[in-house]
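Contents: one structure, followed by commentary.
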Amino acid sequence: MNTSFQQMLSSVPANIQQEVDLEIALSNRINDLMTERGLSKLEFANALGKRPSEVTKWLSGQHNFTIRTISLLSAFFGESLIHVE
Amino acid sequence: MSEAELILVNEAKNCTLYTIQFLSEDESEFEQFYNKFKDDVEFNPDLMRIVGFLGRIADFGALERYFRPEGKMSDNVVALPVVTSKLRLYCLRLSDKILILGNGGVKKTRSYEEDDELSGYVITLQNFDKLIKEGTESGTIIVTENKIVTDKTFDL
């Protein structure tokens with residue numbers, strides 16, 4: 001390749017990489033909690049009154065979560081999904 | 001038909017990224033995608049999100065839930081991003097640990113099949129997918145847990 005992958009990665013602005021990292025971290029956490037609780041995507045969606053396609057977006061690692069959604073999910077799982085210090 | 005070869009993009013513990021290089025072209029399929037949008041004011045942020053995401057796939061693997069299923073049920077063609085964006089990067093996801101990056105563009109129609117440029121990128125990956133399957137069956141290509149081992153060129 002003429003442009004190396006590392007060069008491409010270094011062109012990603014810090015704020016966008018931070019956004020990507022947070023979105024992936026949240027999706028992985030939700031996926032882990034669903035697995036721990038033995039919830040399928042459909043069961044999880046039904047329990048929250050959401051469409052399965054919404055859960056697909058949450059688990060994609062690319063969803064721009066709102067505070068409202070994070071709060072909904074934290075309340076559902078009974079634990080905070082994010083910690084602000 | 002055009003001759004093409006498989007190019008290594010990035011090697012990491014949890015996922016190896018490859019792309020396709022047509023021998024008649026100066027740039028690989030993924031480089032063409034990158035260069036098309038890197039200076040595009042409208043689509044650069046979405047491109048940067050895709051590149052940043054691909055960087056993290058190296059750590060977490062090319063998990064199925066990170067991709068939008070594209071192509072047909074019988075092939076391994078997927079797209080990024082899953083969330084709302086008109087930009088599409090088409091890929092061939094062989095497993096959590098092997099991802100082949102293709103080309104992509106701006107989706108202006110309801111489905112990629114209605115767009116000659118985008119459907120061309122998907123067809124390239126579908127054909128490549130078929131050749132990998134045939135090659136592994138005949139023994140000319142070896143697909144390990146996280147690598148594709150071949151020195152052959154492909155007629156796409």
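Convention: chains lettered A, B, ... in structure tokens order; per-chain residue numbering from 1; ligands numbered from 1 as shown.
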Practice prompt. Just list the residues in chain B DSSP gives strand (DSSP E) on the backbone, as a ChimeraX atom specification.
Written response: /B:3-11,16-22,68-69,77-80,87-95,98-106,142-143,148-149,154-155
Worksheet entry | chain A residues near chain B (9 Å cut-off, only C-alpha atoms) as a ChimeraX atom specification | /A:1-6,8-9,11-13,16-17,19-21,24,56-57,59-64
Please identify all polymer residues within 9 Å of region 32-43 of chain A, counting only C-alpha atoms, omitting same-chain residues fewer than 3 positions from it, and present them as a PDB file with N, CA and C atoms, in the first residue's frame.
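Okay, part25.pdb is ready:
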```pdb
ATOM      1  N   SER A  27     -20.897  -0.446  23.674  1.00  0.00           N
ATOM      2  CA  SER A  27     -21.536  -1.600  23.023  1.00  0.00           C
ATOM      3  C   SER A  27     -21.009  -2.907  23.611  1.00  0.00           C
ATOM      4  N   ASN A  28     -19.714  -2.954  23.879  1.00  0.00           N
ATOM      5  CA  ASN A  28     -19.147  -4.179  24.456  1.00  0.00           C
ATOM      6  C   ASN A  28     -19.690  -4.426  25.865  1.00  0.00           C
ATOM      7  N   ARG A  29     -19.852  -3.345  26.620  1.00  0.00           N
ATOM      8  CA  ARG A  29     -20.391  -3.472  27.994  1.00  0.00           C
ATOM      9  C   ARG A  29     -21.836  -3.978  27.953  1.00  0.00           C
ATOM     10  N   ASN A  46     -37.612  -6.429  23.743  1.00  0.00           N
ATOM     11  CA  ASN A  46     -38.983  -6.503  24.280  1.00  0.00           C
ATOM     12  C   ASN A  46     -39.047  -5.979  25.711  1.00  0.00           C
ATOM     13  N   ALA A  47     -38.047  -6.336  26.512  1.00  0.00           N
ATOM     14  CA  ALA A  47     -38.033  -5.906  27.916  1.00  0.00           C
ATOM     15  C   ALA A  47     -37.966  -4.381  28.030  1.00  0.00           C
ATOM     16  N   LEU A  48     -37.344  -3.749  27.046  1.00  0.00           N
ATOM     17  CA  LEU A  48     -37.202  -2.288  27.075  1.00  0.00           C
ATOM     18  C   LEU A  48     -38.252  -1.576  26.232  1.00  0.00           C
ATOM     19  N   ARG A  51     -37.422  -1.695  19.461  1.00  0.00           N
ATOM     20  CA  ARG A  51     -37.352  -2.617  18.328  1.00  0.00           C
ATOM     21  C   ARG A  51     -35.991  -3.321  18.339  1.00  0.00           C
ATOM     22  N   PRO A  52     -35.906  -4.576  17.870  1.00  0.00           N
ATOM     23  CA  PRO A  52     -34.610  -5.250  17.807  1.00  0.00           C
ATOM     24  C   PRO A  52     -33.576  -4.471  16.980  1.00  0.00           C
ATOM     25  N   VAL A  55     -31.573  -2.272  19.159  1.00  0.00           N
ATOM     26  CA  VAL A  55     -30.535  -3.013  19.899  1.00  0.00           C
ATOM     27  C   VAL A  55     -29.354  -3.313  18.958  1.00  0.00           C
ATOM     28  N   THR A  56     -29.655  -3.644  17.703  1.00  0.00           N
ATOM     29  CA  THR A  56     -28.589  -3.881  16.712  1.00  0.00           C
ATOM     30  C   THR A  56     -27.662  -2.671  16.641  1.00  0.00           C
ATOM     31  N   PHE A  77     -30.191  -2.476  33.825  1.00  0.00           N
ATOM     32  CA  PHE A  77     -29.213  -3.446  34.327  1.00  0.00           C
ATOM     33  C   PHE A  77     -28.922  -3.271  35.822  1.00  0.00           C
TER      34      PHE A  77
END
```
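Here CA of Glu11 (chain B) stands at a distance of 11.9 Å from CA of Ile100 (chain B).
Distances here use only C-alpha atoms; by that measure, the residue among B:Leu23, B:Ile142, B:Ala79, B:Leu156 closest to Arg93 (chain B) is B:Ala79.
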Worksheet item: Hey, which of B:Gln32, B:Ser24, B:Thr16, B:Asn76 ends up closest to Asn127 (chain B)? Count only C-alpha atoms.
Response: B:Asn76
If you run DSSP on this backbone, which residues of chain B come out as helix (DSSP H, G or I), and could you give them as an mmCIF file with N, CA and C atoms, in the first residue's frame?
```
data_model
loop_
_atom_site.group_PDB
_atom_site.id
_atom_site.type_symbol
_atom_site.label_atom_id
_atom_site.label_comp_id
_atom_site.auth_asym_id
_atom_site.auth_seq_id
_atom_site.Cartn_x
_atom_site.Cartn_y
_atom_site.Cartn_z
ATOM 1 N N GLU B 29 -7.854 -1.371 -3.336
ATOM 2 C CA GLU B 29 -9.265 -1.003 -3.229
ATOM 3 C C GLU B 29 -9.516 -0.108 -2.015
ATOM 4 N N PHE B 30 -8.912 -0.445 -0.866
ATOM 5 C CA PHE B 30 -9.140 0.338 0.348
ATOM 6 C C PHE B 30 -8.489 1.722 0.248
ATOM 7 N N GLU B 31 -7.296 1.775 -0.365
ATOM 8 C CA GLU B 31 -6.652 3.092 -0.544
ATOM 9 C C GLU B 31 -7.495 3.994 -1.433
ATOM 10 N N GLN B 32 -8.093 3.404 -2.478
ATOM 11 C CA GLN B 32 -8.948 4.202 -3.360
ATOM 12 C C GLN B 32 -10.105 4.792 -2.575
ATOM 13 N N PHE B 33 -10.704 3.973 -1.704
ATOM 14 C CA PHE B 33 -11.808 4.442 -0.865
ATOM 15 C C PHE B 33 -11.325 5.588 0.031
ATOM 16 N N TYR B 34 -10.195 5.365 0.688
ATOM 17 C CA TYR B 34 -9.650 6.372 1.605
ATOM 18 C C TYR B 34 -9.349 7.685 0.870
ATOM 19 N N ASN B 35 -8.669 7.563 -0.265
ATOM 20 C CA ASN B 35 -8.251 8.769 -0.993
ATOM 21 C C ASN B 35 -9.419 9.534 -1.616
ATOM 22 N N LYS B 36 -10.507 8.814 -1.902
ATOM 23 C CA LYS B 36 -11.691 9.459 -2.482
ATOM 24 C C LYS B 36 -12.319 10.440 -1.505
ATOM 25 N N PHE B 37 -12.245 10.129 -0.202
ATOM 26 C CA PHE B 37 -12.990 10.915 0.782
ATOM 27 C C PHE B 37 -12.133 11.642 1.812
ATOM 28 N N ASN B 44 -15.492 13.434 5.093
ATOM 29 C CA ASN B 44 -14.268 13.131 5.863
ATOM 30 C C ASN B 44 -14.559 12.668 7.302
ATOM 31 N N PRO B 45 -15.476 13.312 8.032
ATOM 32 C CA PRO B 45 -15.712 12.827 9.411
ATOM 33 C C PRO B 45 -16.195 11.371 9.453
ATOM 34 N N ASP B 46 -17.058 10.992 8.516
ATOM 35 C CA ASP B 46 -17.542 9.600 8.491
ATOM 36 C C ASP B 46 -16.409 8.652 8.097
ATOM 37 N N LEU B 47 -15.541 9.096 7.170
ATOM 38 C CA LEU B 47 -14.380 8.278 6.791
ATOM 39 C C LEU B 47 -13.470 8.072 8.008
ATOM 40 N N MET B 48 -13.239 9.157 8.753
ATOM 41 C CA MET B 48 -12.362 9.069 9.931
ATOM 42 C C MET B 48 -12.947 8.125 10.983
ATOM 43 N N ARG B 49 -14.285 8.134 11.120
ATOM 44 C CA ARG B 49 -14.935 7.205 12.067
ATOM 45 C C ARG B 49 -14.702 5.764 11.620
ATOM 46 N N ILE B 50 -14.803 5.519 10.311
ATOM 47 C CA ILE B 50 -14.594 4.158 9.792
ATOM 48 C C ILE B 50 -13.144 3.731 10.011
ATOM 49 N N VAL B 51 -12.195 4.619 9.700
ATOM 50 C CA VAL B 51 -10.774 4.274 9.864
ATOM 51 C C VAL B 51 -10.458 4.034 11.344
ATOM 52 N N GLY B 52 -10.955 4.929 12.204
ATOM 53 C CA GLY B 52 -10.739 4.766 13.650
ATOM 54 C C GLY B 52 -11.333 3.459 14.152
ATOM 55 N N PHE B 53 -12.485 3.115 13.621
ATOM 56 C CA PHE B 53 -13.160 1.878 14.014
ATOM 57 C C PHE B 53 -12.342 0.660 13.560
ATOM 58 N N LEU B 54 -11.823 0.726 12.330
ATOM 59 C CA LEU B 54 -10.994 -0.389 11.821
ATOM 60 C C LEU B 54 -9.750 -0.572 12.690
ATOM 61 N N GLY B 55 -9.235 0.527 13.200
ATOM 62 C CA GLY B 55 -8.072 0.448 14.087
ATOM 63 C C GLY B 55 -8.395 -0.325 15.353
ATOM 64 N N ARG B 56 -9.601 -0.149 15.861
ATOM 65 C CA ARG B 56 -10.003 -0.831 17.097
ATOM 66 C C ARG B 56 -10.398 -2.286 16.847
ATOM 67 N N ILE B 57 -10.826 -2.583 15.614
ATOM 68 C CA ILE B 57 -11.139 -3.971 15.262
ATOM 69 C C ILE B 57 -9.899 -4.844 15.455
ATOM 70 N N ALA B 58 -8.743 -4.252 15.265
ATOM 71 C CA ALA B 58 -7.488 -4.978 15.499
ATOM 72 C C ALA B 58 -7.440 -5.502 16.934
ATOM 73 N N ASP B 59 -8.020 -4.720 17.870
ATOM 74 C CA ASP B 59 -8.005 -5.121 19.282
ATOM 75 C C ASP B 59 -9.161 -6.065 19.637
ATOM 76 N N PHE B 60 -10.330 -5.764 19.077
ATOM 77 C CA PHE B 60 -11.532 -6.490 19.513
ATOM 78 C C PHE B 60 -11.967 -7.605 18.563
ATOM 79 N N GLU B 64 -19.253 -9.974 14.338
ATOM 80 C CA GLU B 64 -20.392 -9.892 13.422
ATOM 81 C C GLU B 64 -21.286 -8.683 13.714
ATOM 82 N N ARG B 65 -21.479 -8.399 15.011
ATOM 83 C CA ARG B 65 -22.392 -7.315 15.382
ATOM 84 C C ARG B 65 -21.866 -5.933 15.004
ATOM 85 N N TYR B 66 -20.580 -5.813 14.636
ATOM 86 C CA TYR B 66 -20.014 -4.531 14.238
ATOM 87 C C TYR B 66 -20.315 -4.182 12.771
ATOM 88 N N TYR B 112 -27.784 -0.835 -2.722
ATOM 89 C CA TYR B 112 -26.546 -0.728 -3.496
ATOM 90 C C TYR B 112 -26.733 -1.267 -4.908
ATOM 91 N N GLU B 113 -27.692 -2.200 -5.065
ATOM 92 C CA GLU B 113 -27.901 -2.833 -6.375
ATOM 93 C C GLU B 113 -28.382 -1.846 -7.434
ATOM 94 N N GLU B 114 -28.956 -0.714 -6.980
ATOM 95 C CA GLU B 114 -29.446 0.282 -7.933
ATOM 96 C C GLU B 114 -28.334 1.232 -8.365
ATOM 97 N N ASP B 116 -24.559 1.466 -9.970
ATOM 98 C CA ASP B 116 -23.558 0.671 -10.702
ATOM 99 C C ASP B 116 -22.209 0.650 -9.999
ATOM 100 N N GLU B 117 -21.799 1.818 -9.452
ATOM 101 C CA GLU B 117 -20.487 1.890 -8.814
ATOM 102 C C GLU B 117 -20.453 0.996 -7.558
ATOM 103 N N LEU B 118 -21.449 1.184 -6.698
ATOM 104 C CA LEU B 118 -21.461 0.403 -5.445
ATOM 105 C C LEU B 118 -21.671 -1.085 -5.697
ATOM 106 N N SER B 119 -22.555 -1.408 -6.625
ATOM 107 C CA SER B 119 -22.780 -2.841 -6.875
ATOM 108 C C SER B 119 -21.528 -3.470 -7.473
ATOM 109 N N GLY B 120 -20.737 -2.675 -8.225
ATOM 110 C CA GLY B 120 -19.460 -3.182 -8.753
ATOM 111 C C GLY B 120 -18.517 -3.569 -7.624
ATOM 112 N N TYR B 121 -18.464 -2.755 -6.574
ATOM 113 C CA TYR B 121 -17.586 -3.056 -5.428
ATOM 114 C C TYR B 121 -18.053 -4.328 -4.705
ATOM 115 N N VAL B 122 -19.376 -4.450 -4.562
ATOM 116 C CA VAL B 122 -19.922 -5.633 -3.883
ATOM 117 C C VAL B 122 -19.656 -6.884 -4.720
ATOM 118 N N ILE B 123 -19.859 -6.771 -6.036
ATOM 119 C CA ILE B 123 -19.637 -7.936 -6.915
ATOM 120 C C ILE B 123 -18.165 -8.366 -6.872
ATOM 121 N N THR B 124 -17.240 -7.394 -6.853
ATOM 122 C CA THR B 124 -15.810 -7.729 -6.733
ATOM 123 C C THR B 124 -15.572 -8.590 -5.495
ATOM 124 N N LEU B 125 -16.160 -8.173 -4.361
ATOM 125 C CA LEU B 125 -15.966 -8.924 -3.107
ATOM 126 C C LEU B 125 -16.663 -10.281 -3.161
ATOM 127 N N GLN B 126 -17.836 -10.312 -3.782
ATOM 128 C CA GLN B 126 -18.548 -11.601 -3.903
ATOM 129 C C GLN B 126 -17.715 -12.578 -4.736
ATOM 130 N N ASN B 127 -17.124 -12.062 -5.829
ATOM 131 C CA ASN B 127 -16.289 -12.928 -6.677
ATOM 132 C C ASN B 127 -15.041 -13.385 -5.929
ATOM 133 N N PHE B 128 -14.460 -12.471 -5.169
ATOM 134 C CA PHE B 128 -13.258 -12.808 -4.401
ATOM 135 C C PHE B 128 -13.592 -13.868 -3.340
ATOM 136 N N ASP B 129 -14.734 -13.707 -2.713
ATOM 137 C CA ASP B 129 -15.210 -14.664 -1.708
ATOM 138 C C ASP B 129 -15.309 -16.066 -2.328
ATOM 139 N N LYS B 130 -15.878 -16.094 -3.538
ATOM 140 C CA LYS B 130 -16.055 -17.376 -4.248
ATOM 141 C C LYS B 130 -14.690 -17.994 -4.569
ATOM 142 N N LEU B 131 -13.741 -17.152 -5.011
ATOM 143 C CA LEU B 131 -12.405 -17.664 -5.362
ATOM 144 C C LEU B 131 -11.667 -18.179 -4.124
ATOM 145 N N ILE B 132 -11.872 -17.528 -2.981
ATOM 146 C CA ILE B 132 -11.227 -17.996 -1.746
ATOM 147 C C ILE B 132 -11.812 -19.364 -1.355
ATOM 148 N N LYS B 133 -13.131 -19.477 -1.469
ATOM 149 C CA LYS B 133 -13.771 -20.766 -1.148
ATOM 150 C C LYS B 133 -13.233 -21.868 -2.065
ATOM 151 N N GLU B 134 -13.142 -21.565 -3.360
ATOM 152 C CA GLU B 134 -12.643 -22.561 -4.320
ATOM 153 C C GLU B 134 -11.183 -22.894 -4.034
ATOM 154 N N GLY B 135 -10.396 -21.847 -3.724
ATOM 155 C CA GLY B 135 -8.966 -22.031 -3.456
ATOM 156 C C GLY B 135 -8.703 -22.863 -2.212
ATOM 157 N N THR B 136 -9.528 -22.655 -1.183
ATOM 158 C CA THR B 136 -9.333 -23.442 0.045
ATOM 159 C C THR B 136 -9.720 -24.907 -0.202
ATOM 160 N N GLU B 137 -10.723 -25.086 -1.042
ATOM 161 C CA GLU B 137 -11.129 -26.471 -1.364
ATOM 162 C C GLU B 137 -10.059 -27.182 -2.187
ATOM 163 N N SER B 138 -9.433 -26.443 -3.114
ATOM 164 C CA SER B 138 -8.427 -27.076 -3.991
ATOM 165 C C SER B 138 -7.039 -27.099 -3.340
#
```
Discussion item. What's the separation between CA of Ala62 (chain B) and CA of Ile70 (chain A), in Å to one decimal place?
Written reply: 24.4 Å
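Minimum distance to Ser80 (chain A) across A:Gln7, A:Ile30, A:Glu23, A:Asn15 (counting only C-alpha atoms) occurs at A:Ile30.
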